[in-house]
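Before any comments, here is the structure.
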Amino acid sequence: MTQKTIYLASDHRGVGLKATLVAWLEGQPYTVKDLGPMDETRVNAGEYAVRLAGAMRDEADAVGVLICGTGQAMAMTSNRFTHVRAALCMNGFMARLARQHNNANILALGAELVGEGLAIDCLQVFLTTEALSGIYVDRCQMLTDLGGL
């Protein structure tokens with residue numbers, strides 16, 4: 001059985017929280033791919049969102065985590081891609097609904113808005129919640145049909 005791949009990327013403001021999530025994920029049954037950056041040197045958040053979306057393009061069941069100061073830049077940039085449904089989440093409830101109702105495949109987090117414990121909770125809920133069927137499948141298809149990169 002192959003393990004689900006979890007891709008992570010951040011900007012310079014999210015490096016610390018990303019390191020915490022990578023360390024937590026390494027104790028879980030996932031393949032973890034940290035796409036950078038590896039230090040707090042200033043970078044463009046959008047470039048790392050594009051990098052992660054590109055890495056996920058050919059893996060239908062891959063999941064991503066994007067982190068910047070607020071999570072907004074990462075979510076906005078990655079959602080330009082047809083295969084991406086990124087959700088900015090501030091708590092486990094938002095993460096659960098993002099997965100159930102929208103089949104989100106990228107969790108966007110704001111490093112300056114959520115602490116380490118809350119971020120781990122969001123990620124754990126995100127990874128263990130299944131998407132619902134019925135009208136929610138139609139919603140996801142509509143998003144895909146809108147197009148993008």
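Scheme for the structure tokens: letters A, B, ... for chains in order shown; per-chain residue numbers from 1; ligand numbers from 1 in order shown.
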Would you mind writing down, as a ChimeraX atom specification, each residue of chain A that DSSP on the backbone assigns to strand (DSSP E or B)?
-> /A:4-10,30-34,63-68,86-88,106-110
Write a file of the selected residues as a PDB file, in the first residue's frame, keeping N, CA and C atoms.
ATOM      1  N   LYS A   4      -0.003   8.174   1.294  1.00  0.00           N
ATOM      2  CA  LYS A   4      -0.420   9.456   0.731  1.00  0.00           C
ATOM      3  C   LYS A   4       0.729  10.440   0.886  1.00  0.00           C
ATOM      4  N   THR A   5       0.964  11.232  -0.144  1.00  0.00           N
ATOM      5  CA  THR A   5       2.018  12.239  -0.099  1.00  0.00           C
ATOM      6  C   THR A   5       1.447  13.562   0.392  1.00  0.00           C
ATOM      7  N   ILE A   6       2.147  14.166   1.341  1.00  0.00           N
ATOM      8  CA  ILE A   6       1.784  15.473   1.864  1.00  0.00           C
ATOM      9  C   ILE A   6       2.897  16.437   1.469  1.00  0.00           C
ATOM     10  N   TYR A   7       2.547  17.426   0.642  1.00  0.00           N
ATOM     11  CA  TYR A   7       3.495  18.455   0.222  1.00  0.00           C
ATOM     12  C   TYR A   7       3.316  19.670   1.124  1.00  0.00           C
ATOM     13  N   LEU A   8       4.425  20.266   1.528  1.00  0.00           N
ATOM     14  CA  LEU A   8       4.367  21.485   2.336  1.00  0.00           C
ATOM     15  C   LEU A   8       5.270  22.542   1.729  1.00  0.00           C
ATOM     16  N   ALA A   9       4.821  23.790   1.805  1.00  0.00           N
ATOM     17  CA  ALA A   9       5.628  24.931   1.391  1.00  0.00           C
ATOM     18  C   ALA A   9       5.157  26.140   2.184  1.00  0.00           C
ATOM     19  N   SER A  10       6.026  27.115   2.296  1.00  0.00           N
ATOM     20  CA  SER A  10       5.697  28.325   3.046  1.00  0.00           C
ATOM     21  C   SER A  10       6.427  29.503   2.427  1.00  0.00           C
ATOM     22  N   TYR A  30       2.533   8.989   6.418  1.00  0.00           N
ATOM     23  CA  TYR A  30       2.509   9.756   5.182  1.00  0.00           C
ATOM     24  C   TYR A  30       3.922   9.916   4.648  1.00  0.00           C
ATOM     25  N   THR A  31       4.008  10.147   3.352  1.00  0.00           N
ATOM     26  CA  THR A  31       5.267  10.561   2.746  1.00  0.00           C
ATOM     27  C   THR A  31       5.274  12.080   2.754  1.00  0.00           C
ATOM     28  N   VAL A  32       6.283  12.689   3.347  1.00  0.00           N
ATOM     29  CA  VAL A  32       6.344  14.133   3.528  1.00  0.00           C
ATOM     30  C   VAL A  32       7.362  14.737   2.560  1.00  0.00           C
ATOM     31  N   LYS A  33       6.932  15.765   1.828  1.00  0.00           N
ATOM     32  CA  LYS A  33       7.832  16.472   0.915  1.00  0.00           C
ATOM     33  C   LYS A  33       7.789  17.958   1.232  1.00  0.00           C
ATOM     34  N   ASP A  34       8.879  18.444   1.794  1.00  0.00           N
ATOM     35  CA  ASP A  34       9.021  19.859   2.145  1.00  0.00           C
ATOM     36  C   ASP A  34       9.628  20.584   0.950  1.00  0.00           C
ATOM     37  N   VAL A  63      -2.015  15.750  -1.039  1.00  0.00           N
ATOM     38  CA  VAL A  63      -2.536  16.816  -0.199  1.00  0.00           C
ATOM     39  C   VAL A  63      -1.411  17.818   0.030  1.00  0.00           C
ATOM     40  N   GLY A  64      -1.771  19.089   0.103  1.00  0.00           N
ATOM     41  CA  GLY A  64      -0.777  20.126   0.330  1.00  0.00           C
ATOM     42  C   GLY A  64      -1.088  20.967   1.546  1.00  0.00           C
ATOM     43  N   VAL A  65      -0.035  21.562   2.094  1.00  0.00           N
ATOM     44  CA  VAL A  65      -0.152  22.520   3.189  1.00  0.00           C
ATOM     45  C   VAL A  65       0.684  23.725   2.798  1.00  0.00           C
ATOM     46  N   LEU A  66       0.051  24.891   2.786  1.00  0.00           N
ATOM     47  CA  LEU A  66       0.732  26.136   2.459  1.00  0.00           C
ATOM     48  C   LEU A  66       0.628  27.090   3.635  1.00  0.00           C
ATOM     49  N   ILE A  67       1.734  27.735   3.977  1.00  0.00           N
ATOM     50  CA  ILE A  67       1.759  28.608   5.143  1.00  0.00           C
ATOM     51  C   ILE A  67       2.458  29.916   4.801  1.00  0.00           C
ATOM     52  N   CYS A  68       1.773  31.009   5.082  1.00  0.00           N
ATOM     53  CA  CYS A  68       2.411  32.327   5.043  1.00  0.00           C
ATOM     54  C   CYS A  68       1.902  33.091   6.259  1.00  0.00           C
ATOM     55  N   ALA A  86      -7.846  25.004  -2.465  1.00  0.00           N
ATOM     56  CA  ALA A  86      -7.170  25.389  -1.229  1.00  0.00           C
ATOM     57  C   ALA A  86      -8.150  26.083  -0.298  1.00  0.00           C
ATOM     58  N   ALA A  87      -8.065  25.744   0.981  1.00  0.00           N
ATOM     59  CA  ALA A  87      -8.948  26.330   1.982  1.00  0.00           C
ATOM     60  C   ALA A  87      -8.126  26.934   3.114  1.00  0.00           C
ATOM     61  N   LEU A  88      -8.364  28.208   3.373  1.00  0.00           N
ATOM     62  CA  LEU A  88      -7.740  28.888   4.496  1.00  0.00           C
ATOM     63  C   LEU A  88      -8.542  28.529   5.748  1.00  0.00           C
ATOM     64  N   ILE A 106      -5.742  21.313  -0.402  1.00  0.00           N
ATOM     65  CA  ILE A 106      -4.658  22.100   0.195  1.00  0.00           C
ATOM     66  C   ILE A 106      -5.206  22.842   1.405  1.00  0.00           C
ATOM     67  N   LEU A 107      -4.495  22.714   2.512  1.00  0.00           N
ATOM     68  CA  LEU A 107      -4.795  23.441   3.735  1.00  0.00           C
ATOM     69  C   LEU A 107      -3.886  24.663   3.771  1.00  0.00           C
ATOM     70  N   ALA A 108      -4.470  25.842   3.803  1.00  0.00           N
ATOM     71  CA  ALA A 108      -3.699  27.081   3.926  1.00  0.00           C
ATOM     72  C   ALA A 108      -3.810  27.566   5.367  1.00  0.00           C
ATOM     73  N   LEU A 109      -2.671  27.910   5.935  1.00  0.00           N
ATOM     74  CA  LEU A 109      -2.621  28.356   7.322  1.00  0.00           C
ATOM     75  C   LEU A 109      -1.888  29.684   7.433  1.00  0.00           C
ATOM     76  N   GLY A 110      -2.335  30.501   8.370  1.00  0.00           N
ATOM     77  CA  GLY A 110      -1.661  31.760   8.672  1.00  0.00           C
ATOM     78  C   GLY A 110      -0.781  31.589   9.896  1.00  0.00           C
TER      79      GLY A 110
END
Find the residues around Glu130 in chain A up to 9 Å (only C-alpha atoms counted), leave out those fewer than 4 positions away in its own chain, and share them as a list of chain:residue names.
->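 The neighbour list is A:Arg96, A:Arg99, A:Gln100, A:Asn103, A:Phe126.
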Selection file, C-alpha atoms, as a CSV table (one decimal), in the first residue's frame:
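Full text of result32.csv as output:
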chain,number,residue,atom,x,y,z
A,96,ARG,CA,-13.5,19.5,8.6
A,99,ARG,CA,-12.8,18.6,3.3
A,100,GLN,CA,-16.4,17.5,3.6
A,103,ASN,CA,-13.0,18.3,-1.0
A,126,PHE,CA,-7.9,17.9,7.4
Near range 69-75 of chain A, counting only C-alpha atoms, which residues have an atom at most 12 Å away, once you skip same-chain residues fewer than 4 positions from it, shown as a PyMOL selection string?
-> chain A and resi 8-18+44-53+64-65+79-81+84-90+104-115+119
Resulting file, chosen residues, C-alpha atoms, as a PDB file, in the first residue's frame:
ATOM      1  CA  LEU A   8       4.367  21.485   2.336  1.00  0.00           C
ATOM      2  CA  ALA A   9       5.628  24.931   1.391  1.00  0.00           C
ATOM      3  CA  SER A  10       5.697  28.325   3.046  1.00  0.00           C
ATOM      4  CA  ASP A  11       7.110  31.767   2.750  1.00  0.00           C
ATOM      5  CA  HIS A  12       9.693  33.171   5.167  1.00  0.00           C
ATOM      6  CA  ARG A  13       7.002  33.981   7.748  1.00  0.00           C
ATOM      7  CA  GLY A  14       5.749  30.389   7.768  1.00  0.00           C
ATOM      8  CA  VAL A  15       9.062  28.510   7.997  1.00  0.00           C
ATOM      9  CA  GLY A  16       8.841  27.883  11.738  1.00  0.00           C
ATOM     10  CA  LEU A  17       5.277  26.576  11.673  1.00  0.00           C
ATOM     11  CA  LYS A  18       6.079  24.463   8.616  1.00  0.00           C
ATOM     12  CA  ASN A  44       7.677  35.568  -2.452  1.00  0.00           C
ATOM     13  CA  ALA A  45       4.835  33.454  -1.031  1.00  0.00           C
ATOM     14  CA  GLY A  46       3.266  33.066  -4.468  1.00  0.00           C
ATOM     15  CA  GLU A  47       6.328  31.363  -5.904  1.00  0.00           C
ATOM     16  CA  TYR A  48       6.096  28.617  -3.295  1.00  0.00           C
ATOM     17  CA  ALA A  49       2.343  28.228  -3.805  1.00  0.00           C
ATOM     18  CA  VAL A  50       2.994  27.729  -7.531  1.00  0.00           C
ATOM     19  CA  ARG A  51       5.764  25.229  -6.730  1.00  0.00           C
ATOM     20  CA  LEU A  52       3.441  23.184  -4.515  1.00  0.00           C
ATOM     21  CA  ALA A  53       0.521  23.285  -6.970  1.00  0.00           C
ATOM     22  CA  GLY A  64      -0.777  20.126   0.330  1.00  0.00           C
ATOM     23  CA  VAL A  65      -0.152  22.520   3.189  1.00  0.00           C
ATOM     24  CA  ASN A  79      -6.499  28.420  -6.247  1.00  0.00           C
ATOM     25  CA  ARG A  80      -5.595  29.706  -9.718  1.00  0.00           C
ATOM     26  CA  PHE A  81      -4.827  26.083 -10.645  1.00  0.00           C
ATOM     27  CA  VAL A  84      -6.380  22.859  -6.563  1.00  0.00           C
ATOM     28  CA  ARG A  85      -9.040  23.518  -3.963  1.00  0.00           C
ATOM     29  CA  ALA A  86      -7.170  25.389  -1.229  1.00  0.00           C
ATOM     30  CA  ALA A  87      -8.948  26.330   1.982  1.00  0.00           C
ATOM     31  CA  LEU A  88      -7.740  28.888   4.496  1.00  0.00           C
ATOM     32  CA  CYS A  89      -8.597  27.409   7.896  1.00  0.00           C
ATOM     33  CA  MET A  90      -8.352  28.865  11.385  1.00  0.00           C
ATOM     34  CA  ALA A 104     -10.200  20.724  -0.362  1.00  0.00           C
ATOM     35  CA  ASN A 105      -6.803  19.286  -1.192  1.00  0.00           C
ATOM     36  CA  ILE A 106      -4.658  22.100   0.195  1.00  0.00           C
ATOM     37  CA  LEU A 107      -4.795  23.441   3.735  1.00  0.00           C
ATOM     38  CA  ALA A 108      -3.699  27.081   3.926  1.00  0.00           C
ATOM     39  CA  LEU A 109      -2.621  28.356   7.322  1.00  0.00           C
ATOM     40  CA  GLY A 110      -1.661  31.760   8.672  1.00  0.00           C
ATOM     41  CA  ALA A 111       1.466  31.420  10.797  1.00  0.00           C
ATOM     42  CA  GLU A 112       0.663  34.720  12.517  1.00  0.00           C
ATOM     43  CA  LEU A 113      -2.940  33.695  13.191  1.00  0.00           C
ATOM     44  CA  VAL A 114      -2.769  30.127  14.515  1.00  0.00           C
ATOM     45  CA  GLY A 115      -0.408  28.622  17.052  1.00  0.00           C
ATOM     46  CA  ALA A 119      -2.199  24.183  13.303  1.00  0.00           C
TER      47      ALA A 119
END
Non-local contacts of Val125 in chain A (9 Å; only C-alpha atoms; under 2 positions in same chain excluded) as an NGL selection string = :A and (92-93 or 95-96 or 99 or 120-123 or 127-129)
Using DSSP on the backbone, list every residue of chain A that comes out as alpha helix (DSSP H), and give them as a ChimeraX atom specification.
-> /A:15-25,45-56,72-78,92-102,116-128,135-145
Within 12 Å of Ile135 in chain A, counting only C-alpha atoms, which residues qualify if same-chain residues fewer than 3 places away don't, as a ChimeraX atom specification?
-> /A:100-103,131-132,138-142
Convert the current residue selection to file output with N, CA and C atoms, as a CSV table (one decimal), in the first residue's frame.
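Saved file again_26.csv follows:
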chain,number,residue,atom,x,y,z
A,100,GLN,N,-15.1,18.1,3.9
A,100,GLN,CA,-16.4,17.5,3.6
A,100,GLN,C,-17.1,18.1,2.5
A,101,HIS,N,-17.2,19.4,2.5
A,101,HIS,CA,-18.1,20.1,1.5
A,101,HIS,C,-17.4,20.5,0.3
A,102,ASN,N,-16.1,20.7,0.3
A,102,ASN,CA,-15.4,21.2,-0.9
A,102,ASN,C,-14.3,20.3,-1.4
A,103,ASN,N,-14.1,19.2,-0.7
A,103,ASN,CA,-13.0,18.3,-1.0
A,103,ASN,C,-11.7,19.0,-1.2
A,131,ALA,N,-14.3,13.6,2.0
A,131,ALA,CA,-15.3,14.4,1.3
A,131,ALA,C,-16.6,13.7,1.2
A,132,LEU,N,-17.7,14.5,1.3
A,132,LEU,CA,-19.0,14.0,1.2
A,132,LEU,C,-19.4,13.8,-0.3
A,138,ASP,N,-20.8,17.7,-7.2
A,138,ASP,CA,-21.2,18.7,-8.2
A,138,ASP,C,-20.5,20.0,-8.0
A,139,ARG,N,-20.4,20.5,-6.7
A,139,ARG,CA,-19.7,21.7,-6.4
A,139,ARG,C,-18.3,21.7,-6.8
A,140,CYS,N,-17.6,20.6,-6.5
A,140,CYS,CA,-16.2,20.5,-6.9
A,140,CYS,C,-16.0,20.4,-8.4
A,141,GLN,N,-16.9,19.7,-9.1
A,141,GLN,CA,-16.8,19.7,-10.6
A,141,GLN,C,-17.1,21.1,-11.1
A,142,MET,N,-18.0,21.9,-10.6
A,142,MET,CA,-18.2,23.2,-11.0
A,142,MET,C,-16.9,24.0,-10.9
So, counting only C-alpha atoms, which residue among A:Thr41, A:Met94, A:Thr144, A:Leu35 is closest to Gly54 in chain A?
->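 So, comparing all the options, the nearest one is A:Leu35.
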Could you tell me how far CA of Val43 in chain A lies from CA of Gln124 in chain A, in Å and to one decimal?
->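 That distance, rounded to one decimal, is 27.3 Å.
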Selected residue, from A:Met56, A:Met38, A:Ala62, A:Leu25, that lies nearest to Ser78 in chain A when counting only C-alpha atoms =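 For Ser78 in chain A, the nearest of the given residues is A:Met56.
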What gap, in Å, lies between CA of Ala55 in chain A and CA of Leu149 in chain A?
->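 Computed distance, CA of Ala55 in chain A to CA of Leu149 in chain A, equals 13.5 Å.
Among the candidates A:Ser133, A:Leu146, A:Arg57, A:Leu118, the residue lying nearest to Thr20 in chain A is A:Leu118 (atoms considered: only C-alpha atoms).
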